[in-house]
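Participant: Okay, so here is entry-v7.txt, and as you'll see once you scroll down, it has compact mmCIF, C-alpha atoms (C1' of nucleotides).
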# COMPACT_ATOMS: atom_id res chain seq x y z
CA MET A 1 289.61 82.55 48.29
CA ALA A 2 288.17 85.82 49.45
CA LEU A 3 289.39 86.38 52.96
CA GLU A 4 291.81 88.79 51.35
CA HIS A 5 288.91 90.77 49.96
CA ALA A 6 287.00 90.79 53.22
CA ILE A 7 290.14 92.13 54.90
CA LEU A 8 290.53 94.82 52.23
CA VAL A 9 286.95 95.97 52.76
CA SER A 10 287.34 96.00 56.52
CA LEU A 11 290.63 97.92 56.36
CA LEU A 12 289.10 100.43 53.97
CA GLU A 13 286.24 100.99 56.37
CA ARG A 14 288.88 101.57 59.04
CA PRO A 15 292.59 100.71 59.17
CA GLY A 16 293.69 98.51 62.02
CA SER A 17 295.96 95.79 63.36
CA GLY A 18 295.60 92.06 62.90
CA TYR A 19 294.21 91.84 66.38
CA GLU A 20 291.59 94.48 65.67
CA LEU A 21 290.66 92.71 62.44
CA ALA A 22 290.29 89.46 64.33
CA ARG A 23 287.90 91.17 66.73
CA ARG A 24 285.87 92.59 63.84
CA PHE A 25 285.74 89.09 62.38
CA GLU A 26 284.01 88.00 65.56
CA ARG A 27 281.51 90.81 65.28
CA SER A 28 280.43 93.05 62.40
CA ILE A 29 281.95 91.79 59.17
CA GLY A 30 282.55 88.41 60.78
CA ARG A 31 278.84 87.71 60.55
CA PHE A 32 279.35 87.42 56.80
CA TRP A 33 282.89 86.12 56.61
CA THR A 34 284.55 84.25 59.45
CA ALA A 35 288.26 83.79 60.12
CA THR A 36 290.58 83.03 63.01
CA HIS A 37 293.34 85.39 64.10
CA GLN A 38 296.00 82.92 62.90
CA GLN A 39 294.52 82.89 59.44
CA ILE A 40 294.21 86.68 59.44
CA TYR A 41 297.86 87.23 60.42
CA ARG A 42 299.05 84.79 57.75
CA VAL A 43 296.97 86.40 55.01
CA LEU A 44 297.99 89.90 56.14
CA ARG A 45 301.65 88.96 55.78
CA ARG A 46 301.06 87.77 52.23
CA MET A 47 299.03 90.86 51.41
CA GLU A 48 301.80 93.08 52.76
CA ALA A 49 304.42 91.16 50.74
CA ASP A 50 302.28 91.62 47.61
CA GLY A 51 301.89 95.33 48.28
CA TRP A 52 298.15 95.24 48.81
CA VAL A 53 298.44 96.78 52.28
CA THR A 54 301.07 98.77 54.15
CA ALA A 55 301.88 98.48 57.84
CA GLU A 56 302.72 101.17 60.33
CA GLU A 57 304.24 100.53 63.75
CA ILE A 58 302.18 102.24 66.40
CA GLY A 59 303.46 102.64 69.93
CA GLN A 60 300.70 102.63 72.49
CA ASP A 61 300.44 103.65 76.13
CA GLY A 62 299.02 101.11 78.48
CA ARG A 63 299.06 98.24 76.02
CA PRO A 64 301.51 96.47 73.67
CA ASP A 65 302.58 98.14 70.44
CA LYS A 66 300.80 97.13 67.29
CA ARG A 67 301.19 97.11 63.51
CA SER A 68 298.32 98.97 61.91
CA PHE A 69 297.49 98.09 58.30
CA SER A 70 296.10 100.33 55.57
CA VAL A 71 295.08 99.49 52.03
CA ALA A 72 297.59 100.51 49.34
CA GLY A 73 296.78 101.45 45.75
CA GLU A 74 297.50 97.91 44.61
CA GLY A 75 294.98 96.58 47.11
CA LEU A 76 292.35 99.00 45.91
CA ALA A 77 292.90 97.80 42.34
CA VAL A 78 292.59 94.16 43.41
CA LEU A 79 289.36 94.95 45.21
CA ALA A 80 287.92 96.75 42.17
CA GLU A 81 288.74 93.77 39.99
CA TRP A 82 287.14 91.36 42.44
CA LEU A 83 283.99 93.48 42.61
CA ARG A 84 283.63 93.25 38.84
CA ALA A 85 284.00 89.46 38.81
CA PRO A 86 280.93 87.21 39.02
CA VAL A 87 279.72 86.24 42.48
CA GLN A 88 280.97 82.72 43.09
CA ALA A 89 278.43 80.03 43.92
CA GLU A 90 278.71 79.69 47.66
CA ALA A 91 279.74 76.44 49.31
CA VAL A 92 276.71 75.81 51.50
CA ARG A 93 277.35 73.95 54.76
CA HIS A 94 274.19 73.89 56.81
CA GLU A 95 274.83 71.31 59.49
CA LEU A 96 271.45 71.67 61.16
CA ALA A 97 269.56 70.82 57.96
CA VAL A 98 271.55 67.60 57.64
CA LYS A 99 270.92 66.74 61.27
CA ILE A 100 267.19 67.22 60.85
CA ARG A 101 267.12 64.82 57.93
CA GLY A 102 269.27 62.49 59.99
CA ALA A 103 266.67 62.49 62.75
CA ALA A 104 264.70 59.98 60.69
CA PHE A 105 267.38 57.40 61.51
CA THR A 106 267.67 57.65 65.28
CA ASP A 107 265.51 56.68 68.25
CA ASP A 108 263.21 58.72 70.47
CA ALA A 109 266.02 59.65 72.81
CA GLY A 110 268.09 60.90 69.90
CA ARG A 111 265.19 62.94 68.59
CA ALA A 112 264.55 64.40 72.04
CA ALA A 113 268.21 65.42 72.22
CA LEU A 114 267.96 67.05 68.81
CA ILE A 115 264.88 68.99 69.89
CA GLY A 116 266.91 70.29 72.82
CA GLU A 117 269.70 71.28 70.48
CA VAL A 118 267.32 73.09 68.13
CA GLU A 119 265.89 74.98 71.08
CA ARG A 120 269.36 76.05 72.17
CA TYR A 121 270.21 77.05 68.61
CA ARG A 122 266.99 79.02 68.41
CA ALA A 123 267.77 80.86 71.64
CA ASP A 124 271.23 81.76 70.33
CA HIS A 125 269.75 83.22 67.18
CA GLU A 126 267.11 85.10 69.12
CA THR A 127 269.99 86.74 70.99
CA LEU A 128 271.79 87.44 67.74
CA LEU A 129 268.69 89.10 66.29
CA SER A 130 268.52 91.34 69.36
CA THR A 131 272.16 92.23 68.89
CA TYR A 132 271.51 93.14 65.27
CA LEU A 133 268.46 95.23 66.16
CA ASN A 134 270.36 97.08 68.88
CA GLY A 135 273.24 97.66 66.51
CA GLU A 136 270.86 99.00 63.92
CA LYS A 137 269.32 101.44 66.38
CA ARG A 138 272.78 102.55 67.54
CA ASP A 139 274.61 102.76 64.20
CA PHE A 140 271.87 103.71 61.75
CA PRO A 141 269.42 105.91 63.64
CA ASP A 142 268.32 108.14 60.77
CA LEU A 143 266.38 106.54 57.96
CA ASP A 144 268.50 107.59 55.01
CA GLY A 145 271.20 110.23 55.31
CA ARG A 146 274.88 109.38 55.77
CA ASP A 147 277.41 108.44 53.19
CA ALA A 148 277.43 105.50 50.78
CA GLY A 149 279.45 103.32 53.15
CA GLN A 150 276.90 103.73 55.93
CA ARG A 151 273.99 102.96 53.67
CA LEU A 152 275.70 99.85 52.31
CA GLN A 153 276.62 98.59 55.76
CA HIS A 154 273.02 99.18 56.75
CA VAL A 155 271.55 97.18 53.88
CA VAL A 156 273.86 94.28 54.70
CA LEU A 157 272.75 94.44 58.31
CA ARG A 158 269.13 94.46 57.17
CA GLY A 159 269.97 91.24 55.35
CA GLY A 160 271.27 89.74 58.57
CA ILE A 161 268.10 90.80 60.36
CA ALA A 162 265.87 89.35 57.64
CA TYR A 163 267.87 86.13 57.75
CA GLU A 164 267.55 85.75 61.51
CA ARG A 165 263.80 86.43 61.43
CA MET A 166 263.33 83.87 58.67
CA LEU A 167 265.46 81.40 60.60
CA LEU A 168 263.49 81.81 63.83
CA ASP A 169 260.20 81.21 62.00
CA TRP A 170 261.63 78.16 60.31
CA LEU A 171 263.02 76.78 63.57
CA ASP A 172 259.51 76.98 65.03
CA ASP A 173 258.33 74.96 62.04
CA VAL A 174 261.16 72.48 62.65
CA LEU A 175 260.31 72.13 66.34
CA ASP A 176 256.62 71.55 65.55
CA THR A 177 257.60 68.91 63.00
CA LEU A 178 260.04 67.14 65.31
CA ARG A 179 257.58 67.11 68.21
CA ALA A 180 254.78 65.76 66.03
CA LEU A 181 256.79 62.77 64.75
CA MET B 1 284.13 67.72 59.52
CA ALA B 2 280.64 66.57 58.66
CA LEU B 3 280.72 65.47 55.06
CA GLU B 4 280.85 61.98 56.52
CA HIS B 5 277.59 62.61 58.31
CA ALA B 6 275.88 64.09 55.27
CA ILE B 7 276.92 60.99 53.33
CA LEU B 8 275.58 58.72 56.07
CA VAL B 9 272.22 60.49 55.99
CA SER B 10 272.06 60.36 52.21
CA LEU B 11 272.97 56.66 52.11
CA LEU B 12 270.38 55.88 54.77
CA GLU B 13 267.75 57.66 52.71
CA ARG B 14 268.85 55.49 49.79
CA PRO B 15 272.02 53.43 49.24
CA GLY B 16 274.04 54.33 46.17
CA SER B 17 277.41 54.66 44.46
CA GLY B 18 279.88 57.48 44.78
CA TYR B 19 278.67 58.80 41.47
CA GLU B 20 275.05 58.81 42.59
CA LEU B 21 276.03 60.54 45.82
CA ALA B 22 277.90 63.16 43.82
CA ARG B 23 274.75 63.80 41.79
CA ARG B 24 272.67 64.13 44.95
CA PHE B 25 275.23 66.59 46.25
CA GLU B 26 274.47 68.73 43.21
CA ARG B 27 270.76 68.56 43.91
CA SER B 28 268.73 67.63 46.97
CA ILE B 29 271.04 67.30 49.96
CA GLY B 30 273.69 69.29 48.14
CA ARG B 31 271.64 72.43 48.74
CA PHE B 32 272.63 72.11 52.40
CA TRP B 33 276.02 70.47 52.13
CA THR B 34 278.19 70.70 49.03
CA ALA B 35 281.01 68.39 47.95
CA THR B 36 282.83 67.41 44.78
CA HIS B 37 282.93 63.84 43.52
CA GLN B 38 286.66 63.60 44.27
CA GLN B 39 286.05 64.52 47.89
CA ILE B 40 283.13 62.10 48.12
CA TYR B 41 285.16 59.16 46.78
CA ARG B 42 288.00 59.91 49.15
CA VAL B 43 285.73 60.11 52.19
CA LEU B 44 283.82 57.00 51.13
CA ARG B 45 287.06 55.03 51.03
CA ARG B 46 287.90 56.12 54.55
CA MET B 47 284.38 55.37 55.76
CA GLU B 48 284.56 51.90 54.22
CA ALA B 49 287.95 51.28 55.83
CA ASP B 50 286.52 52.35 59.19
CA GLY B 51 283.53 50.07 58.78
CA TRP B 52 280.92 52.84 58.63
CA VAL B 53 279.65 51.69 55.25
CA THR B 54 279.82 48.51 53.19
CA ALA B 55 280.19 48.29 49.42
CA GLU B 56 278.56 45.92 47.00
CA GLU B 57 279.67 45.46 43.40
CA ILE B 58 276.73 45.83 41.09
CA GLY B 59 276.93 44.79 37.45
CA GLN B 60 274.75 46.91 35.21
CA ASP B 61 273.43 46.54 31.67
CA GLY B 62 274.01 49.43 29.33
CA ARG B 63 276.35 51.28 31.65
CA PRO B 64 279.55 50.64 33.65
CA ASP B 65 279.46 48.57 36.82
CA LYS B 66 279.33 50.41 40.11
CA ARG B 67 280.04 50.00 43.81
CA SER B 68 276.92 50.69 45.82
CA PHE B 69 277.39 51.73 49.43
CA SER B 70 275.11 51.04 52.39
CA VAL B 71 275.41 52.20 55.99
CA ALA B 72 276.70 49.58 58.43
CA GLY B 73 275.88 49.32 62.13
CA GLU B 74 279.03 51.23 63.02
CA GLY B 75 277.96 54.07 60.73
CA LEU B 76 274.55 54.22 62.34
CA ALA B 77 276.17 54.49 65.76
CA VAL B 78 278.45 57.30 64.55
CA LEU B 79 275.44 59.15 63.18
CA ALA B 80 273.50 58.77 66.42
CA GLU B 81 276.44 60.18 68.36
CA TRP B 82 276.79 63.12 65.99
CA LEU B 83 273.08 63.89 66.26
CA ARG B 84 273.40 64.11 70.04
CA ALA B 85 276.35 66.52 69.86
CA PRO B 86 275.83 70.31 69.87
CA VAL B 87 275.30 72.02 66.54
CA GLN B 88 278.62 73.62 65.61
CA ALA B 89 278.68 77.35 64.95
CA GLU B 90 278.70 77.54 61.17
CA ALA B 91 281.54 79.16 59.27
CA VAL B 92 279.65 81.86 57.40
CA ARG B 93 281.06 82.85 54.01
CA HIS B 94 278.67 85.24 52.32
CA GLU B 95 280.66 86.72 49.49
CA LEU B 96 277.89 88.97 48.22
CA ALA B 97 277.54 90.74 51.56
CA VAL B 98 281.25 91.56 51.51
CA LYS B 99 281.02 92.80 47.93
CA ILE B 100 278.14 95.09 48.80
CA ARG B 101 280.13 96.69 51.60
CA GLY B 102 283.05 96.88 49.20
CA ALA B 103 280.93 98.88 46.75
CA ALA B 104 281.61 101.93 48.90
CA PHE B 105 285.21 101.87 47.65
CA THR B 106 284.83 101.66 43.91
CA ASP B 107 283.68 104.03 41.16
CA ASP B 108 280.38 104.35 39.29
CA ALA B 109 281.40 101.79 36.66
CA GLY B 110 282.28 99.30 39.41
CA ARG B 111 278.97 99.90 41.13
CA ALA B 112 277.10 99.47 37.85
CA ALA B 113 278.89 96.17 37.31
CA LEU B 114 277.93 95.06 40.79
CA ILE B 115 274.29 95.94 40.14
CA GLY B 116 274.44 93.71 37.09
CA GLU B 117 275.94 90.92 39.15
CA VAL B 118 273.26 91.25 41.82
CA GLU B 119 270.58 91.08 39.14
CA ARG B 120 272.11 87.91 37.73
CA TYR B 121 272.39 86.44 41.20
CA ARG B 122 268.77 87.34 41.86
CA ALA B 123 267.64 85.65 38.64
CA ASP B 124 269.55 82.50 39.61
CA HIS B 125 267.84 82.38 42.96
CA GLU B 126 264.45 83.03 41.43
CA THR B 127 265.07 79.93 39.32
CA LEU B 128 266.17 78.01 42.38
CA LEU B 129 263.00 78.99 44.23
CA SER B 130 260.95 77.68 41.32
CA THR B 131 262.89 74.43 41.42
CA TYR B 132 262.20 74.10 45.13
CA LEU B 133 258.49 74.84 44.68
CA ASN B 134 258.19 72.32 41.85
CA GLY B 135 260.04 69.75 43.91
CA GLU B 136 257.72 70.40 46.81
CA LYS B 137 254.64 69.88 44.66
CA ARG B 138 256.11 66.72 43.18
CA ASP B 139 257.60 65.10 46.29
CA PHE B 140 255.30 66.30 49.07
CA PRO B 141 251.83 66.59 47.56
CA ASP B 142 249.78 65.69 50.65
CA LEU B 143 249.87 68.05 53.57
CA ASP B 144 250.94 65.68 56.31
CA GLY B 145 250.92 61.90 55.88
CA ARG B 146 253.97 59.89 54.93
CA ASP B 147 256.70 58.63 57.18
CA ALA B 148 259.06 60.56 59.44
CA GLY B 149 261.76 60.75 56.77
CA GLN B 150 259.40 62.40 54.30
CA ARG B 151 258.18 64.92 56.83
CA LEU B 152 261.74 65.80 57.85
CA GLN B 153 262.89 66.19 54.27
CA HIS B 154 259.87 68.40 53.72
CA VAL B 155 260.59 70.70 56.63
CA VAL B 156 264.17 71.12 55.43
CA LEU B 157 262.89 71.97 51.96
CA ARG B 158 260.50 74.49 53.50
CA GLY B 159 263.58 76.05 55.06
CA GLY B 160 265.17 76.33 51.65
CA ILE B 161 262.03 77.94 50.27
CA ALA B 162 261.82 80.40 53.15
CA TYR B 163 265.49 81.26 52.67
CA GLU B 164 265.12 81.91 48.96
CA ARG B 165 262.05 84.09 49.48
CA MET B 166 263.85 86.10 52.14
CA LEU B 167 266.87 86.39 49.89
CA LEU B 168 264.86 87.68 46.92
CA ASP B 169 263.21 90.35 49.07
CA TRP B 170 266.55 91.40 50.45
CA LEU B 171 268.14 91.52 47.00
CA ASP B 172 265.42 93.95 45.95
CA ASP B 173 266.36 96.07 48.95
CA VAL B 174 270.03 95.82 47.91
CA LEU B 175 269.27 96.84 44.34
CA ASP B 176 267.23 99.83 45.51
CA THR B 177 270.06 100.87 47.79
CA LEU B 178 272.77 100.47 45.16
CA ARG B 179 270.77 102.38 42.55
CA ALA B 180 270.04 105.22 44.96
CA LEU B 181 273.71 105.82 45.84
C1' DT C 1 304.82 90.34 93.85
C1' DG C 2 302.02 87.21 91.82
C1' DG C 3 298.16 85.94 89.00
C1' DG C 4 294.54 86.81 85.86
C1' DA C 5 292.77 89.21 81.86
C1' DA C 6 293.09 91.82 77.75
C1' DT C 7 296.06 93.18 74.02
C1' DA C 8 299.06 91.71 70.43
C1' DT C 9 301.50 88.43 67.30
C1' DG C 10 302.88 84.32 65.64
C1' DC C 11 304.60 78.94 64.50
C1' DA C 12 303.68 74.10 63.40
C1' DA C 13 301.01 70.21 62.28
C1' DT C 14 297.11 68.62 60.42
C1' DT C 15 292.74 68.28 58.00
C1' DA C 16 289.47 69.58 54.59
C1' DG C 17 288.54 71.04 50.28
C1' DT C 18 289.63 72.59 45.44
C1' DT C 19 291.46 72.12 40.88
C1' DG C 20 293.16 69.81 37.11
C1' DC C 21 293.72 65.75 35.00
C1' DA C 22 293.00 60.80 33.55
C1' DC C 23 290.77 56.78 32.02
C1' DA C 24 287.48 53.11 31.21
C1' DG C 25 282.58 51.31 29.90
C1' DC C 26 278.78 51.84 27.13
C1' DA C 27 275.11 54.10 24.06
C1' DA C 28 273.55 56.77 20.40
C1' DC C 29 274.17 59.21 16.32
C1' DG C 30 276.15 60.30 11.98
C1' DC D 1 284.09 53.35 12.98
C1' DG D 2 284.66 57.92 15.05
C1' DT D 3 282.98 61.33 17.98
C1' DT D 4 280.19 62.93 21.61
C1' DG D 5 278.19 62.35 26.00
C1' DC D 6 276.85 60.21 30.20
C1' DT D 7 278.23 56.93 33.73
C1' DG D 8 281.64 55.61 36.92
C1' DT D 9 286.05 55.91 39.61
C1' DG D 10 290.10 57.76 40.81
C1' DC D 11 295.21 60.23 41.47
C1' DA D 12 298.17 64.26 42.40
C1' DA D 13 299.18 68.82 43.58
C1' DC D 14 297.82 72.55 45.82
C1' DT D 15 295.35 75.99 48.79
C1' DA D 16 292.60 77.23 52.58
C1' DA D 17 291.40 76.64 57.07
C1' DT D 18 291.51 74.55 61.67
C1' DT D 19 293.64 73.24 65.96
C1' DG D 20 296.85 73.40 69.40
C1' DC D 21 300.45 75.71 71.23
C1' DA D 22 303.74 79.66 72.45
C1' DT D 23 305.04 84.20 74.00
C1' DA D 24 305.46 89.08 75.11
C1' DT D 25 303.36 93.53 76.97
C1' DT D 26 300.73 95.96 80.11
C1' DC D 27 297.09 96.82 83.51
C1' DC D 28 294.61 95.84 87.51
C1' DC D 29 293.52 93.68 91.65
C1' DA D 30 294.36 90.91 95.76
Could you write out this structure as C-alpha cells?

Facilitator:
Amino acid sequence: MALEHAILVSLLERPGSGYELARRFERSIGRFWTATHQQIYRVLRRMEADGWVTAEEIGQDGRPDKRSFSVAGEGLAVLAEWLRAPVQAEAVRHELAVKIRGAAFTDDAGRAALIGEVERYRADHETLLSTYLNGEKRDFPDLDGRDAGQRLQHVVLRGGIAYERMLLDWLDDVLDTLRAL
Amino acid sequence: MALEHAILVSLLERPGSGYELARRFERSIGRFWTATHQQIYRVLRRMEADGWVTAEEIGQDGRPDKRSFSVAGEGLAVLAEWLRAPVQAEAVRHELAVKIRGAAFTDDAGRAALIGEVERYRADHETLLSTYLNGEKRDFPDLDGRDAGQRLQHVVLRGGIAYERMLLDWLDDVLDTLRAL
DNA sequence: TGGGAATATGCAATTAGTTGCACAGCAACG
DNA sequence: CGTTGCTGTGCAACTAATTGCATATTCCCA
C-alpha cells in the first residue's frame, strides 16, 4: 500500500538503483518500512510505467551497469497527496507478545526455551540500539543546524532510539515475569 | 504466518466462535496481532480441517446460533513447537515515520497538513493509553497474585502501555521539530 | 583458471491479507 | 410490520508480499 511512497521518499533523499534501494531497505529507511529486492524491482517497474520515476542507464567501472531511478514530477505530486491523507491505522504484528501470552499453555521446558529466545531477542535489540546511537553520532553531530531533511531524518531516528530503549526495559520486565512463574 | 498461533492462544485463553475471535482481534489480543473476520473464518476452517481445533454447535436464545471452537491436542502441540522456534524478525511498517521523512519534500501547506495529522494521531494514542490504563486497573488490580496466564497477559499489557507512553513523548518531539522547520 | 563474493536484475509460484459484498437470525423501537 | 442494529458466517476478486530460483558482470584471491 505504501511501499511506493517509501521508495519515493528514499529516491528523493538520494536517487539510486533497485539494488541500492534494497540495501537501504535493510538499513536506514528499512527500519521503518521493510521490503525485499524482488518486491522493490516489481514496484519500481510499475512506478516507472506510471511515470512516477525515471530511469537512467549508468555504466560503471569495476562493477555491472545499473539503472538509477529519480523521482519525476508525477511522483512528487503523488507523494504530496499521500502526505495530506490521514495516517492509516497500522496492522500490528507483534509475534513476541503473542508468544509471551502463549507461554501460559506450555510446560517448563517450553518456558525455558522462550526465556532463551527473549534473551537472544534482547541482545539483538541491544546491538540495534548501539547501531542507532553510533549512526546518530556520525550523521547528526551538531544539535540543530542542517537542512529540513536532516532534521526530519534525525527525529525519526530519535524515535527508533526511544523505541529500542523502551523495548529493552520492557524485555527486562518480561524476563523477570517469565522467571518468576 | 502466525495468525494461526494467535488464534490458538486466544482460544486457549477462552474458547469462542469466529465472531467472538474477530471482536477480540479488535480489542485485547488484536493490539498485538490484527486480522479481519474474513481472514479469521478462513484460517479457522483450515485449522479445523487439520485437527488443530474442534467446533461445537451452540444454540443460543435471543441471538443466532454459533460454532464455538476449542483447541485440540494437535493444536496444543503445534503451539508448543512454535513457542520453541526463534522469534521471526518482524516486518516493520511504520507509515508515520516515512511520512515525516517525506515532509522534507513538500510545501508549507503540506507540512501544516501533516502537523494536523500528527496531532490527530497523537490524540488517538492518548485515548488508547487511557484504555490500556483503565483495562489494567480493571483486569489486574492486585500487584502480583493470580495465575500464570494473568501475569503474562499483564506483562504484555505493560508493554503496550510503555509503547504508548514512548510514542506520545516522541510525537511531541516530532511536533516540535515540524513546527520549527 | 577457477571459485567465491559483491553488485545488479529479474521470473514464477505461492501464501497472506484486504476489500467489497451477501445473507440469515433475532431484538428493540417506532 | 418495517427499519435499524448487533450477532453470526461466509464467498469472490484482488493486491501485496514472501519464497525459491536464475543469471550476468566484475573483482579479487588462491

Participant: Any idea which chain B residues end up within 9 Å of chain D if we count all atoms listed in the file, as number ranges by chain please?

Facilitator: B: 17-19, 38, 41-42, 63-66

Participant: Quick check: residues of chain B within 12 Å of chain C, all atoms listed in the file, returned as number ranges by chain.

Facilitator: B: 1-4, 34-40, 42-43, 59-66

Participant: For a test of reading the model, state the distance in Å between CA of Glu13 in chain A and CA of Ala55 in chain A, rounded to one decimal.

Facilitator: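 Taking CA of Glu13 in chain A and CA of Ala55 in chain A, their separation equals 15.9 Å.
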
Participant: What is the distance between CA of Leu175 in chain A and CA of Glu119 in chain A, in Å to one decimal?

Facilitator: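 Atom-to-atom, CA of Leu175 in chain A and CA of Glu119 in chain A are spaced 7.9 Å apart.
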
Participant: Point out the residue among B:Tyr163, B:Phe32, B:Phe25, B:Phe140 with the least atom-to-atom distance to Arg93 in chain A, counting only C-alpha atoms.

Facilitator: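 Of all the options, B:Phe32 lies closest to Arg93 in chain A.
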
Participant: As an exercise, work out the distance from CA of Asp142 in chain A to CA of Arg14 in chain A in Å and give it to one decimal place.

Facilitator: 21.7 Å

Participant: Using all atoms listed in the file, which residue out of A:Glu56, A:Arg165, A:Ala123, A:Ala104 lies closest to chain B?

Facilitator: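 Using all atoms listed in the file, the shortest distance to chain B belongs to A:Ala104.
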
Participant: At most 7 Å is the cut-off: for each residue in chain B with any atom that close to an atom of chain A, write down the nearest atom pair and the distance in Å rounded to one decimal, counting all atoms listed in the file, chain first then increasing number, as a Markdown table.

Facilitator:
| residue | atom | partner | partner_atom | distance |
| --- | --- | --- | --- | --- |
| B:Ala6 | CA | A:Val98 | CA | 6.1 |
| B:Val9 | CA | A:Gly102 | CA | 5.4 |
| B:Arg31 | CA | A:Val92 | CA | 6.7 |
| B:Phe32 | CA | A:His94 | CA | 5.0 |
| B:Trp33 | CA | A:Arg93 | CA | 4.6 |
| B:Thr34 | CA | A:Val92 | CA | 5.9 |
| B:Ala80 | CA | A:Thr106 | CA | 6.0 |
| B:Leu83 | CA | A:Lys99 | CA | 6.1 |
| B:Arg84 | CA | A:Ala113 | CA | 5.8 |
| B:Pro86 | CA | A:Glu117 | CA | 6.2 |
| B:Val87 | CA | A:Leu96 | CA | 6.6 |
| B:Ala91 | CA | A:Thr34 | CA | 5.9 |
| B:Val92 | CA | A:Trp33 | CA | 5.4 |
| B:Arg93 | CA | A:Trp33 | CA | 4.6 |
| B:His94 | CA | A:Phe32 | CA | 5.0 |
| B:Leu96 | CA | A:Val87 | CA | 6.6 |
| B:Ala97 | CA | A:Val156 | CA | 6.0 |
| B:Val98 | CA | A:Ala6 | CA | 6.0 |
| B:Lys99 | CA | A:Leu83 | CA | 6.1 |
| B:Ile100 | CA | A:Leu152 | CA | 6.4 |
| B:Arg101 | CA | A:Leu152 | CA | 5.5 |
| B:Gly102 | CA | A:Val9 | CA | 5.4 |
| B:Ala104 | CA | A:Gly149 | CA | 5.0 |
| B:Thr106 | CA | A:Ala80 | CA | 6.1 |
| B:Gly110 | CA | A:Arg84 | CA | 6.2 |
| B:Ala113 | CA | A:Arg84 | CA | 5.8 |
| B:Leu114 | CA | A:Arg84 | CA | 6.3 |
| B:Glu117 | CA | A:Pro86 | CA | 6.2 |
| B:Ala148 | CA | A:Ala104 | CA | 5.8 |
| B:Gly149 | CA | A:Ala104 | CA | 5.0 |
| B:Leu152 | CA | A:Arg101 | CA | 5.5 |
| B:Gln153 | CA | A:Arg101 | CA | 5.8 |
| B:Val155 | CA | A:Val174 | CA | 6.3 |
| B:Val156 | CA | A:Ala97 | CA | 6.0 |
| B:Gly159 | CA | A:Trp170 | CA | 6.0 |
| B:Ala162 | CA | A:Met166 | CA | 6.7 |
| B:Tyr163 | CA | A:Met166 | CA | 6.9 |
| B:Met166 | CA | A:Ala162 | CA | 6.7 |
| B:Trp170 | CA | A:Gly159 | CA | 6.0 |
| B:Val174 | CA | A:Val155 | CA | 6.3 |
| B:Leu181 | CA | A:Ala148 | CA | 6.2 |

Participant: For range 100-116 of chain A, take all atoms listed in the file, fit an axis-aligned box around them, add 6 Å to each of the six sides, then output centre and edge lengths in Å rounded to one decimal, as lines of an AutoDock Vina configuration file.

Facilitator:
center_x = 266.2
center_y = 63.5
center_z = 65.4
size_x = 18.1
size_y = 25.6
size_z = 26.9

Participant: With N, CA, C and O atoms retained, output range 41-51 of chain A as a tab-separated table (two decimals), in the first residue's frame.

Facilitator:
chain	number	residue	atom	x	y	z
A	41	TYR	N	12.00	-4.24	-7.06
A	41	TYR	CA	12.12	-4.19	-8.52
A	41	TYR	C	10.74	-4.17	-9.19
A	41	TYR	O	10.50	-3.45	-10.14
A	42	ARG	N	9.83	-4.99	-8.66
A	42	ARG	CA	8.50	-5.06	-9.26
A	42	ARG	C	7.79	-3.71	-9.15
A	42	ARG	O	7.23	-3.21	-10.12
A	43	VAL	N	7.84	-3.13	-7.93
A	43	VAL	CA	7.16	-1.86	-7.72
A	43	VAL	C	7.82	-0.75	-8.54
A	43	VAL	O	7.14	0.09	-9.12
A	44	LEU	N	9.15	-0.79	-8.64
A	44	LEU	CA	9.85	0.22	-9.43
A	44	LEU	C	9.40	0.18	-10.89
A	44	LEU	O	9.23	1.23	-11.51
A	45	ARG	N	9.21	-1.03	-11.42
A	45	ARG	CA	8.77	-1.14	-12.81
A	45	ARG	C	7.41	-0.48	-12.99
A	45	ARG	O	7.17	0.23	-13.95
A	46	ARG	N	6.51	-0.75	-12.03
A	46	ARG	CA	5.18	-0.15	-12.13
A	46	ARG	C	5.26	1.37	-12.00
A	46	ARG	O	4.61	2.11	-12.73
A	47	MET	N	6.10	1.82	-11.08
A	47	MET	CA	6.23	3.26	-10.87
A	47	MET	C	6.80	3.94	-12.11
A	47	MET	O	6.39	5.05	-12.47
A	48	GLU	N	7.74	3.25	-12.76
A	48	GLU	CA	8.31	3.81	-13.99
A	48	GLU	C	7.25	3.86	-15.09
A	48	GLU	O	7.11	4.87	-15.78
A	49	ALA	N	6.46	2.77	-15.20
A	49	ALA	CA	5.41	2.72	-16.22
A	49	ALA	C	4.38	3.83	-15.97
A	49	ALA	O	3.82	4.40	-16.92
A	50	ASP	N	4.13	4.16	-14.71
A	50	ASP	CA	3.14	5.18	-14.37
A	50	ASP	C	3.73	6.59	-14.39
A	50	ASP	O	3.03	7.56	-14.09
A	51	GLY	N	5.03	6.68	-14.68
A	51	GLY	CA	5.65	7.98	-14.78
A	51	GLY	C	5.98	8.64	-13.45
A	51	GLY	O	6.21	9.84	-13.39
